[in-house]
Each structure stands twice: as structure tokens, then as C-alpha cells.
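Inspection log for the structure reproduced underneath, given as C-alpha cells.
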Amino acid sequence: MTEQAESVSEPARGSVGEPEGSRFARFFDAQGSVRALALLRIAVGLITIYHLSYFFQLATPERYFAHGFYVPFFESWPVLSLDDHRSFLVVAVLSAGLMTLGVFTRVSTALTFALVTFNIMSNQIFFHHNRAFLMTHLFCLSLIPCGRVLSVDALVMKRRGAPLPDRFALWRLYLFRALACTPYLASGISKLIDPDWWSGLVMQRRVLIHGHQAVRHGVPQGIIDALASDAFSGVWWKVVVLTEIFIGIGYWFKPTRLMAAFMALGFHFFIEVTSVVGVFSYLGVAAILVWVTPATRDRALIVNTQTARGKRAKSWARAFDWLARFQVEERHDGEDVTLRDRDGTEHVGARAMHMLATRLPLLFPLAAPLRARDVLRAIREKA
Amino acid sequence: MNPGGGRGWRRAAAAIFFAACVLTQLVFVVRAYDHPHNLFGYQPFPQSSTWDAQIVRVLRDGRRVSIRNGWEGYRWERLVRDRGLSHPFVHHRAHNGIESTLAFLQDALNWVALNTPRDRETVRFEAEVHAVRNGHRDERYQLVSVERDLEDAR
């Protein structure tokens, strides 16, 4: 069986290998590639280690949570001594490391989820939305066989001559998607119906309260004054709330998915530079992978290796196509670069390069505006 | 033996699990509107309210003594270090809104009352909280800790 045939995409698209039966049966029987989630596993593993590093800083006699006021989620929840807590954190970091590398991936991912959850549940004061978001990611990844590719497990099995299939039941991905879009929708809607938030008052006051700290860090007073003005607050924070809601909804629909992903990048960048949100921004950017169509080698990249652009396209695909989206074909004549999409549409030249870059995770942030321009041009040409 | 039946059960189990997870998340989201810490409800930066509090020890003889300068070798800011509760005397932003701050402050009063064994004078702790909700209006709250068992402390 070819790699292309193995990778089945979402049931609604009617692609190769689509299961038969009722809509219900198709929803729960559909299979797809786990590759994007394997990449997400690596990112979340590293983010988890970063998250745990903060608790190492707190693991001193002066700062350990159980040496002062704390609120356990449950009265009977066990509280570790400081020495045991340090050992616990070492085990948690090792587990997250194994998860990242993909060693005993199902076990190490589930264990990482359990340990991170245990730690957060020790104290309600540890609870923050970014940590809840991390728990959600670890929970969903522990349901998915995300060690079947991009892992030591996969490498070992391949060497033994029994490569792991990169397929999994897609309903787990849909569950992940439902939980991953919740923070955007829940936050956006709560702010939409709160008059103080919608009017911009909440964030305007936040700027007023913390503005002096920003000035101390070199931000000009004029900028703080502008940010705290009624005119700016009245418009900007409405845009932010609507952006959050758009991301939460836009991810679900194919025509708006790319735009939602790009707006999520900008949204998380904005939050990261203006607020302290722990690992939320990193998770939000990594979670874009949840929305990648679960199929591999479903596009063709035809490159003329006699041309500079063709060579560039080939090297980009070789270095950055971590999601294995492209089947690369080399030619010695014709167009420098041709990209054949899933539906058979062909893009050539610069447009093919832009399209290629939007499908390569590392280049996506830079390429999305170019691709958006191409799409707008195409719409104008059609009109 | 019915292989199709096994698949049906697997689908049903998956459907129940899927629905339970989504429903649980929805419950948390809805509950967050009425929960001080909006746990798992994803409502970050809910307010820009500010607060301060005067915390006193109520002694056996009825005197009320501020804890600002410490007591019996204890200092509030060393016992209560998180969520902006360590310096209640200074008017500052309420982390995660007023309701969350009040709930944690109540827990902190109780915790301090139960975890300061050298103190054999204090019957209870009381906090007079002054809050300003999103800059609109002043609000006042009175919080009282659990009663301390001084016989036990002796």
C-alpha cells in the first residue's frame, strides 16, 4: 500500500478509504494520519518541561507551597514533603522528556498528564487558565497514538521490520479540536456579554494600573496615554474580543481555517508581549497543528531542478515539510515549480512557492500574508 | 459471533466518552459565570478591579490589633505569598477579579488561624475589605476567620 493510500483524511471530504455506513458510523470509524499530532506531542512535551521548570524554582524551603497558605482542591489530596516534591518534579520532567522523544510514548504521555494534573490539583492557587489548557492538551494527546511517527518508538519498530501504521481514529482528533477551541469561545463570549469588557473599560483600567511599569521598561509615556485613551479602548478591545470568537469558530470551516490560524498567531503574539500568561501563547501556537488536515502526501510538488526556484522549492520541502504534505517529483524541464493541490488545482511559479510555504509549519507565519494576497488576487481575477 | 456488533459497541463507547468530555467542558464553562475562581471556564482577565484590606487579630480580651507589623514572630506576607494576597494593606489590582480575591482571602484567614500555634491570644482574624469594581464604585466586605481553639493551643 502506498503512503498516500494509507493516509485517509476527514470523512466529510470523501477521500480515499472513507468508511461506509451512517454518518454516526463514519464519524467514529474514520481514520487519518497522526503525523501533525506527533509534531504537536514534541512541542507540548517541551512546553511541559518549561511549565515544570517554574515549579523547580518554587521547590525551596522559603517558597514551597505547603510551607505557607495553600488550598488543596480536595481535603484528602496527598501533600508531598519538599524532598518528595523535588523527586516528583524530576520524574515529571523525565516523563515529559520521554514523551517529547517518543519513548514508550503512550505510557510516557499518559504519565506526564497524570503527574502535571496531580501537581496542579495540589493547590488551587496553582490553577491558571494556561495550565488548564496544558492539561487539556496532555489529556487529548494521551488518547492518541501519537508515537507512531516522529518518535524513537517508530524508529525502533522500523528497524525491527515492523513499522507502525500512522493511522488513528479521527474522533479523538475531533474531541481535541472541540476542547482546543473552547478557550477562545469561552473567553470571547464572556467578554462579549460583559459591558465593562465590551466597552474597553476593563483593559483601559489595566493599562492605567500597570502603565507605569511599562514606562519603567522603556515604553514611551505617549504610547501608554494613547493605549489608555477612550477612543483607542472603545475600538481596540472590541476587535480583540471578536478576534477571539473568530478564531474559535473560524478553525472549524475550511475556507476560514487558514485565516483563523494566522489570526491566532497574531493574537498569541500580542498577548505574549502585553501580558503574563504562562504557557498559553506557546500552546495556542502549537495547537494550530490540531487543525491540520490529517493526511500526508496528498499534494504534489513538481520541481524543475534546472532552475534556482525549483531547487529552492525542493530544499524547502526537504528541510521543512515536517507534516509530509508533499510528494516531490523532479523534472528537468517545464515550469520551475508546480504545486498540485488535493483537488487537482495547479499553482505555478511564485504562487506555488507561497502556497508551499503556507503548508510548511516553520514558514507559515511569514507566508500567510503572501498567500492571502494571492487568494484576493484570484478572487479579483475571477470577478 | 458478530464482528459488526463488536464494532458497534466500540462506537457507542467512543460516542459516550466523546459526549462526556465535551459536556464536562461545557459544564465548567457555564459554571465559571458563578464560580469565584472560574476553574476550567476560561475567563482570563475578567476584571480590572482593585482592593485593599485591614486585617486584625481579635484577642481574648476583645481588643482588635492590626497584623501589619507581625505578631508572635509571624508575618502575614511570609505565611500568605500568592495571588496578590501578601500585601493586603496596599490598594492594588485583584487577581482574577474581586470574587476570587475574597474567596482566597477567606481561605487565607482560616489557614492562618489554624496554622499559627505560637499565638495564644488571638480568638479569630477579621478583614475589612475595600474594593473598587472596574473603577465604578466602592464595595465593602467583612471577612471573619474560623474561631481558634485557644484551650488546644495551650
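Chain labels run A, B, ... following the order of the C-alpha cells; each chain numbers its residues from 1, and ligands are numbered from 1 in the order shown.
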request  = Please return, as a PyMOL selection string, all residues of chain A lying within 10 Å of chain B when only C-alpha atoms are considered.
outcome  = chain A and resi 24-29+62-63+65+67-71+124-133+136+171-172+174-176+178-179+182-191+194+196-197+201-210+275+277
request  = Write out as a PyMOL selection string all residues of chain B that backbone DSSP assigns to helix (DSSP H, G or I).
outcome  = chain B and resi 3-34+76-79+97-114+150-153
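Residue nearest Ser100 (chain B), chosen from B:Ala13, B:Leu114, B:Val144, B:Leu85 and counting only C-alpha atoms: B:Leu85.
When DSSP is run on the backbone, the residues of region 151-338 of chain A that fall into strand (DSSP E or B) are Arg167, Phe168, Ala169, Arg299, Ala300, Leu301, Ile302, Val303, Asn304, Phe326, Gln327, Val328, Glu329, Glu330, Arg331, Val337 and Thr338 of chain A.
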task = Give me the residues within 9 Å of Leu143 (chain A) as an MDAnalysis selection string, counting only C-alpha atoms and dropping any in the same chain fewer than 3 places off.
result = chainID A and resid 106 109:110 138:140 146 172
Proximity to Ala114 (chain A) - best of A:Arg148, A:Ser142, A:Arg377, A:Glu329, only C-alpha atoms =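 Answer, going by the shortest atom-to-atom distance: A:Ser142.
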query = Separation of CA of Val44 (chain A) and CA of Leu283 (chain A), in Å?
reply =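 That distance, rounded to one decimal, is 7.1 Å.
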key: Distance query Asp153 (chain A) at most 10 Å, only C-alpha atoms, self and fewer than 3 positions along chain excluded, as a ChimeraX atom specification   = /A:101-106,147-150,156-158,163-164
Write the residues you've just listed into a file as an mmCIF file, in the first residue's frame, and include N, CA, C and O atoms for each of them.
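The resulting file, result.cif, is reproduced below:
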data_model
loop_
_atom_site.group_PDB
_atom_site.id
_atom_site.type_symbol
_atom_site.label_atom_id
_atom_site.label_comp_id
_atom_site.auth_asym_id
_atom_site.auth_seq_id
_atom_site.Cartn_x
_atom_site.Cartn_y
_atom_site.Cartn_z
ATOM 1 N N LEU A 101 10.599 12.785 23.135
ATOM 2 C CA LEU A 101 11.403 11.937 22.242
ATOM 3 C C LEU A 101 10.566 10.825 21.617
ATOM 4 O O LEU A 101 10.957 10.266 20.586
ATOM 5 N N GLY A 102 9.468 10.493 22.250
ATOM 6 C CA GLY A 102 8.637 9.403 21.735
ATOM 7 C C GLY A 102 9.150 8.045 22.177
ATOM 8 O O GLY A 102 9.251 7.122 21.390
ATOM 9 N N VAL A 103 9.486 7.933 23.458
ATOM 10 C CA VAL A 103 9.924 6.660 24.025
ATOM 11 C C VAL A 103 8.776 6.130 24.901
ATOM 12 O O VAL A 103 8.338 6.835 25.806
ATOM 13 N N PHE A 104 8.336 4.901 24.610
ATOM 14 C CA PHE A 104 7.136 4.355 25.272
ATOM 15 C C PHE A 104 6.061 5.442 25.277
ATOM 16 O O PHE A 104 5.519 5.811 26.333
ATOM 17 N N THR A 105 5.745 5.946 24.117
ATOM 18 C CA THR A 105 5.014 7.218 24.006
ATOM 19 C C THR A 105 3.649 7.204 24.682
ATOM 20 O O THR A 105 3.287 8.174 25.363
ATOM 21 N N ARG A 106 2.886 6.118 24.503
ATOM 22 C CA ARG A 106 1.535 6.097 25.107
ATOM 23 C C ARG A 106 1.652 6.211 26.624
ATOM 24 O O ARG A 106 0.916 6.965 27.265
ATOM 25 N N GLY A 147 2.816 8.424 19.055
ATOM 26 C CA GLY A 147 4.210 7.994 18.960
ATOM 27 C C GLY A 147 4.462 7.133 17.735
ATOM 28 O O GLY A 147 5.539 6.561 17.581
ATOM 29 N N ARG A 148 3.470 7.044 16.857
ATOM 30 C CA ARG A 148 3.628 6.151 15.699
ATOM 31 C C ARG A 148 4.539 6.729 14.623
ATOM 32 O O ARG A 148 4.952 6.025 13.715
ATOM 33 N N VAL A 149 4.755 8.029 14.666
ATOM 34 C CA VAL A 149 5.726 8.673 13.769
ATOM 35 C C VAL A 149 6.511 9.709 14.575
ATOM 36 O O VAL A 149 6.098 10.090 15.677
ATOM 37 N N LEU A 150 7.623 10.151 13.999
ATOM 38 C CA LEU A 150 8.472 11.168 14.636
ATOM 39 C C LEU A 150 8.789 10.786 16.086
ATOM 40 O O LEU A 150 8.653 11.612 16.997
ATOM 41 N N VAL A 156 12.505 2.435 16.263
ATOM 42 C CA VAL A 156 12.839 1.072 16.726
ATOM 43 C C VAL A 156 12.018 0.041 15.955
ATOM 44 O O VAL A 156 12.557 -0.958 15.464
ATOM 45 N N MET A 157 10.726 0.309 15.833
ATOM 46 C CA MET A 157 9.855 -0.657 15.141
ATOM 47 C C MET A 157 10.208 -0.755 13.662
ATOM 48 O O MET A 157 10.139 -1.838 13.071
ATOM 49 N N LYS A 158 10.619 0.350 13.077
ATOM 50 C CA LYS A 158 11.012 0.331 11.660
ATOM 51 C C LYS A 158 12.271 -0.517 11.489
ATOM 52 O O LYS A 158 12.380 -1.316 10.555
ATOM 53 N N PRO A 163 7.182 -1.586 10.840
ATOM 54 C CA PRO A 163 6.855 -0.163 11.017
ATOM 55 C C PRO A 163 5.430 0.036 11.522
ATOM 56 O O PRO A 163 4.521 -0.709 11.144
ATOM 57 N N LEU A 164 5.263 1.048 12.374
ATOM 58 C CA LEU A 164 3.941 1.324 12.940
ATOM 59 C C LEU A 164 3.086 2.058 11.911
ATOM 60 O O LEU A 164 3.594 2.923 11.196
#
query = Any idea what's packed within 8 Å of Val123 (chain B), counting only C-alpha atoms, ignoring anything in its chain fewer than 2 positions away? Could you give it as a list in words?
reply = Arg57, Val58, Leu59, Arg60, Glu121, Phe125, Glu147, Arg148, Asp149 and Leu150 of chain B
Skipping near chain neighbours, those fewer than 6 positions away, what residues fall within 10 Å of Leu98 (chain A) using only C-alpha atoms, listed as an mmCIF file with C-alpha atoms, in the first residue's frame?
data_model
loop_
_atom_site.group_PDB
_atom_site.id
_atom_site.type_symbol
_atom_site.label_atom_id
_atom_site.label_comp_id
_atom_site.auth_asym_id
_atom_site.auth_seq_id
_atom_site.Cartn_x
_atom_site.Cartn_y
_atom_site.Cartn_z
ATOM 1 C CA ILE A 42 7.004 17.103 20.652
ATOM 2 C CA GLY A 45 6.465 17.879 25.699
ATOM 3 C CA ALA A 92 7.700 14.542 35.762
ATOM 4 C CA PHE A 104 7.136 4.355 25.272
ATOM 5 C CA THR A 105 5.014 7.218 24.006
ATOM 6 C CA VAL A 107 2.752 5.428 28.635
ATOM 7 C CA SER A 108 5.007 8.484 28.951
ATOM 8 C CA THR A 109 2.301 10.826 27.584
ATOM 9 C CA THR A 112 3.037 13.195 32.036
ATOM 10 C CA SER A 151 9.454 9.089 17.662
ATOM 11 C CA VAL A 152 12.068 6.706 18.967
#
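Proximity ranking of A:Met263, A:Ile302, A:Ala308, A:Val215 relative to Val240 (chain A) places A:Met263 first, based on only C-alpha atoms.
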